[in-house]
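Accompanying notes for the structure given below.
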Amino acid sequence: MQNKDVNMQDVALAHKLTLEEYENIKKILGREPNLVEVGIFSAMWSEHCSYKSSRKYLSGFPTKAPWVIQGPGENAGVIDIGDGYAAVFKMESHNHPSFIDPFQGSATGIGGVLRDIFTMGARPVANLNSIRFANIEGDDELAKKHKELLRGAVDGAAFYGNNVEVPTIGGEVSFEECYAGNILVNAFNLGIVKADEVFYAKAEGIGNPVVYVGKATGKEGVGAAVMSSDSFDDTLEDNKPEIQSGDPLAEKRLLEACLEIFKKDLIVGVQDMGAAGLTSSSFEMAGRSGSGMIMHLDKVPSREKNMTPYDFMLSESQERMLFCAKKGCEQEIIDIVKKWELEAAVIGEVTDSGNMELYFNGEKVADIPVQPVSEEAPILDRPVSNPEYLKTIANINLDKQISNQIAYDDLISDLEVVDKSWIHNQFNQNENVIKKPGTLDSSCIKVENTNIALSMSADCNTRFCYINPRLGAAAAVMESGRNVAMSGARPKAITDCLNFGNPQNPEVMWQFKESCEGIKESCLALNTPVVSGNVSLYNETNDVSIYPTPSIAVVGVNNDANNVLASSFQNSGNILYLLGDTKSEFGGSLYLKKFYGKVAGTHPSVDFTKELSLWDTVIEANENKLLQSAKDVNLGGIAISLSKMAIHSNIGVEANISLNDSKDIFAESLSRAIVEVEPKNCEAFERIAAKHGIMCVGLGKTGGDKIIINDIYKELKDVSKVYFNRFKEVMDA
């Protein structure tokens, strides 16, 4: 297995392994590794696969609840949603590949998270996307580049999702200069399965065959897991790695083949081939089961000549799965897969050796203990330190004399605020989508064969996270959960995608540590356990890291699919209430960024008790059929939230509220919502709000063709024209 002429230490360092890790590998093996073994260790111990910098802080997340069937540690999380069904969901990142090739990076990101879901036996039914770029306005080169990156990422996601026939029902897009060198493309998928028919990633039972299923393996993506565990610099343009290509039609066939196999008693376990391909899938399955495995790499279906064992183990060719089959069932599996016009082959078997033994043309090319690779990757305790920038941004002085009318015109036309139909119109929908993208707050689907509706939302205010990572991460959980609650659904669990800069920077590790603490505190207080997630580090170019971006997706359950609450006005003449406290809180706000050019200030106050009271009030009132619509108050404050409700319904609004400062109609205090109530139901609604101890103030009423909010006066048609056309005009410019 050894090549005497090669200095394996140099090879290990070239694979981004440290000298300490290389010495540990030699101890584990009792000898020097060969090239294949170095490749395997480097992939499995990469940041992308092992979470070696982040695992210390991920422990302690609340992960259990009576409705949680499977928490972190599997391909995806699983919660019981009632009527014998379960929801399976996960959020994944594909940031580095999407910056290099936005179309294929985004497409294969969708493909990867879909496989995480149907690997568990679930049929995928809904996608969300959370994507972030630098400024796309203007004619400078950066704006042009990021406009193309955005166009490519959306095209790739639409190409894959539409062809595999899974609707993209919502998401978010934001723009900050910190993403100039590292865009973020986070993909969420949710699937439905019978609660007692969930499959897990395990390989056990001595002699059980290991079966390769899917498309044939090529050389693309070799080393991609290691590439995604490093920063970018100026050499990227000259040294772009090859990005895998996605084939959604093959994915669709693979999905149907897998679900057909799952309906029969043919397999013990299954794992998709994601990051690090055959390496991660085989080691993780064997590692979870305490087993060993023999694999014959020359039996792996290939589509290129002269492929080596190294290529087979580290390729990230898409649309592939690894099954641990029940002995004697392998031919039936192969027959089903072939019927769906995909490759299938028995490539090995489960052993009791505890080792991964790899053969190629009869020669043993690797022999590695499974547990140290899959379960004992290094756990780093990197130094942390408070960021220096926090000392300079705490105090802000809003001393400019800006009329609310002028401020409103600028805020309502901001790209973060305006309608994103240019994006979501590219995604197909189906008859099960109740609340579609672009209809504000969360999106919602009906679960087939039930009367259950699932609401879901992905959110993160990166400016909040920059000025206070702990409270910002907590606010992301609160905001995403609030979006779900505003549809009448009870938030049940979260999945996260933790996007950060270079972990070798102590300030970045402090941001990560603090963000994890914020997630822990909020999920515990709000009873929304973490059931799955992903960490993406090294989002840095030329020593400039992104803002902390812990994207949070929340899934909630509404037991009555006919009682999903809208987020825009339903009728004229209804009464509007503001729920929650409004303070002069502008830290991290859009107002501060827009008119002072700063991301600074003190984070808005966080109160989990008030947040939960808000959820309880809206959910109970909706169950009692007392509400016409509800929307949370967030970006741009009361003025922008009211305007969105009016614009989407084409019903005007006249509102007046007493505030400490007139500009507080743009403040971004947390734990607030606007609800629409028919006059006959006002008294009953006020009783529910009082019972839950939530501040409830009359705002005004719906109706007319104008937007009147304190000293703001606009024609609804003029505001709507800007709101619905602005994003498209920028993208088409």
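Following the order of the structure tokens, first chain is A, next is B, and so on, with residues numbered from 1 inside each chain and ligands from 1 in the order they appear.
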
Identify all residues of region 283-314 of chain A in alpha helix (DSSP H) (DSSP on the backbone) and supply them as a PyMOL selection string. chain A and resi 283-289+309-314

Could you write out, as a VMD selection string, all the residues of region 227-446 of chain A that DSSP marks as strand (DSSP E)? chain A and resid 267 to 272 292 to 296 320 to 325 343 to 351 355 to 360 363 to 369 433 to 435 443 to 446

Compare A:Asn624, A:Thr541, A:Ser567, A:Gln9 by their minimum atom-to-atom distance to Phe685 (chain A), counting only C-alpha atoms, and give me the closest one. A:Asn624

Write out as a PyMOL selection string the residues lying within 8 Å of region 17-22 of chain A, counting only C-alpha atoms and excluding same-chain residues fewer than 4 positions away. chain A and resi 9+12-13+26+42+378

Go through region 113-205 of chain A residue by residue and, counting only C-alpha atoms, keep those with an atom at most 9 Å from region 493-501 of chain A; for each kept residue give the shortest atom pair and its distance in Å to one decimal, ordered by chain and increasing number, as a Markdown table.
| residue | atom | partner | partner_atom | distance |
| --- | --- | --- | --- | --- |
| A:Leu184 | CA | A:Asn499 | CA | 7.8 |
| A:Asn186 | CA | A:Cys497 | CA | 7.1 |
| A:Ala187 | CA | A:Cys497 | CA | 8.9 |
| A:Phe188 | CA | A:Thr495 | CA | 8.6 |

Taking 3 positions as the minimum chain separation for residues in the same chain, which residues sit within 12 Å of Leu578 (chain A) when counting only C-alpha atoms? Answer as a ChimeraX atom specification. /A:575,581-582,614,618,630-633,637-639,641-642,655-658,665,671-677,686,689,694-701

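The neighbours of region 144-159 of chain A here are the residues that come within 6 Å of it, using only C-alpha atoms and leaving out any residue fewer than 2 positions away in the same chain; they are A:Pro102, A:Phe103, A:Gln104, A:Ser106, A:Ala107, A:Ile136, A:Glu141, A:Leu142, A:Gly161, A:Asn162, A:Phe427.
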
Residue nearest Gln318 (chain A) among A:Asp265, A:Glu343, A:Asp247, A:Asp352 (counting only C-alpha atoms): A:Asp247

Determine, counting only C-alpha atoms, which protein, DNA and RNA residues have an atom within 7 Å of an atom of region 273-287 of chain A; residues of the same chain fewer than 3 positions away are not included. Present the result as a PyMOL selection string. chain A and resi 40+43-44+112+201-203+225+290-293+313-316+320-322+370-371+374-375

Taking only C-alpha atoms into account, which of A:Asp560, A:Lys663, A:Asn428, A:Ala621 comes nearest Lys400 (chain A)?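 The answer is A:Lys663, which sits nearest to Lys400 (chain A).
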
Just want the 8 Å neighbourhood of Gln511 (chain A), counted on only C-alpha atoms, with same-chain residues fewer than 4 positions away dropped. Output as a PDB file with N, CA and C atoms, in the first residue's frame.
ATOM      1  N   PRO A 469     -23.612  39.026  18.946  1.00  0.00           N
ATOM      2  CA  PRO A 469     -23.863  37.674  18.410  1.00  0.00           C
ATOM      3  C   PRO A 469     -24.811  36.835  19.261  1.00  0.00           C
ATOM      4  N   ARG A 470     -24.722  36.960  20.586  1.00  0.00           N
ATOM      5  CA  ARG A 470     -25.591  36.138  21.437  1.00  0.00           C
ATOM      6  C   ARG A 470     -27.055  36.557  21.281  1.00  0.00           C
ATOM      7  N   GLU A 507     -11.542  36.233  17.444  1.00  0.00           N
ATOM      8  CA  GLU A 507     -12.759  37.038  17.465  1.00  0.00           C
ATOM      9  C   GLU A 507     -13.911  36.313  16.784  1.00  0.00           C
ATOM     10  N   SER A 515     -23.001  33.085  19.718  1.00  0.00           N
ATOM     11  CA  SER A 515     -24.189  32.749  18.931  1.00  0.00           C
ATOM     12  C   SER A 515     -24.796  31.435  19.389  1.00  0.00           C
ATOM     13  N   PRO A 548     -21.374  37.333  11.589  1.00  0.00           N
ATOM     14  CA  PRO A 548     -21.974  36.089  12.102  1.00  0.00           C
ATOM     15  C   PRO A 548     -23.372  35.921  11.500  1.00  0.00           C
TER      16      PRO A 548
END

What does the distance from CA of Trp422 (chain A) to CA of Ile546 (chain A) come to in Å, to one decimal? 25.7 Å

Between A:Asn24, A:Ser245, A:Gln628, A:Asn725, single out the one closest to Lys420 (chain A), counting only C-alpha atoms. A:Asn725

Quote the spacing between CA of Gly109 (chain A) and CA of Gly171 (chain A) in Å to one decimal place. 14.7 Å

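Each of A:Thr108, A:Thr702, A:Ser551, A:Ser59 was checked against Cys465 (chain A) using only C-alpha atoms; the smallest atom-to-atom distance is that of A:Ser551.
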
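Considering only C-alpha atoms, the residue among A:Pro491, A:Gly121, A:Gly60, A:Gly588 positioned nearest to Cys258 (chain A) is A:Gly121.
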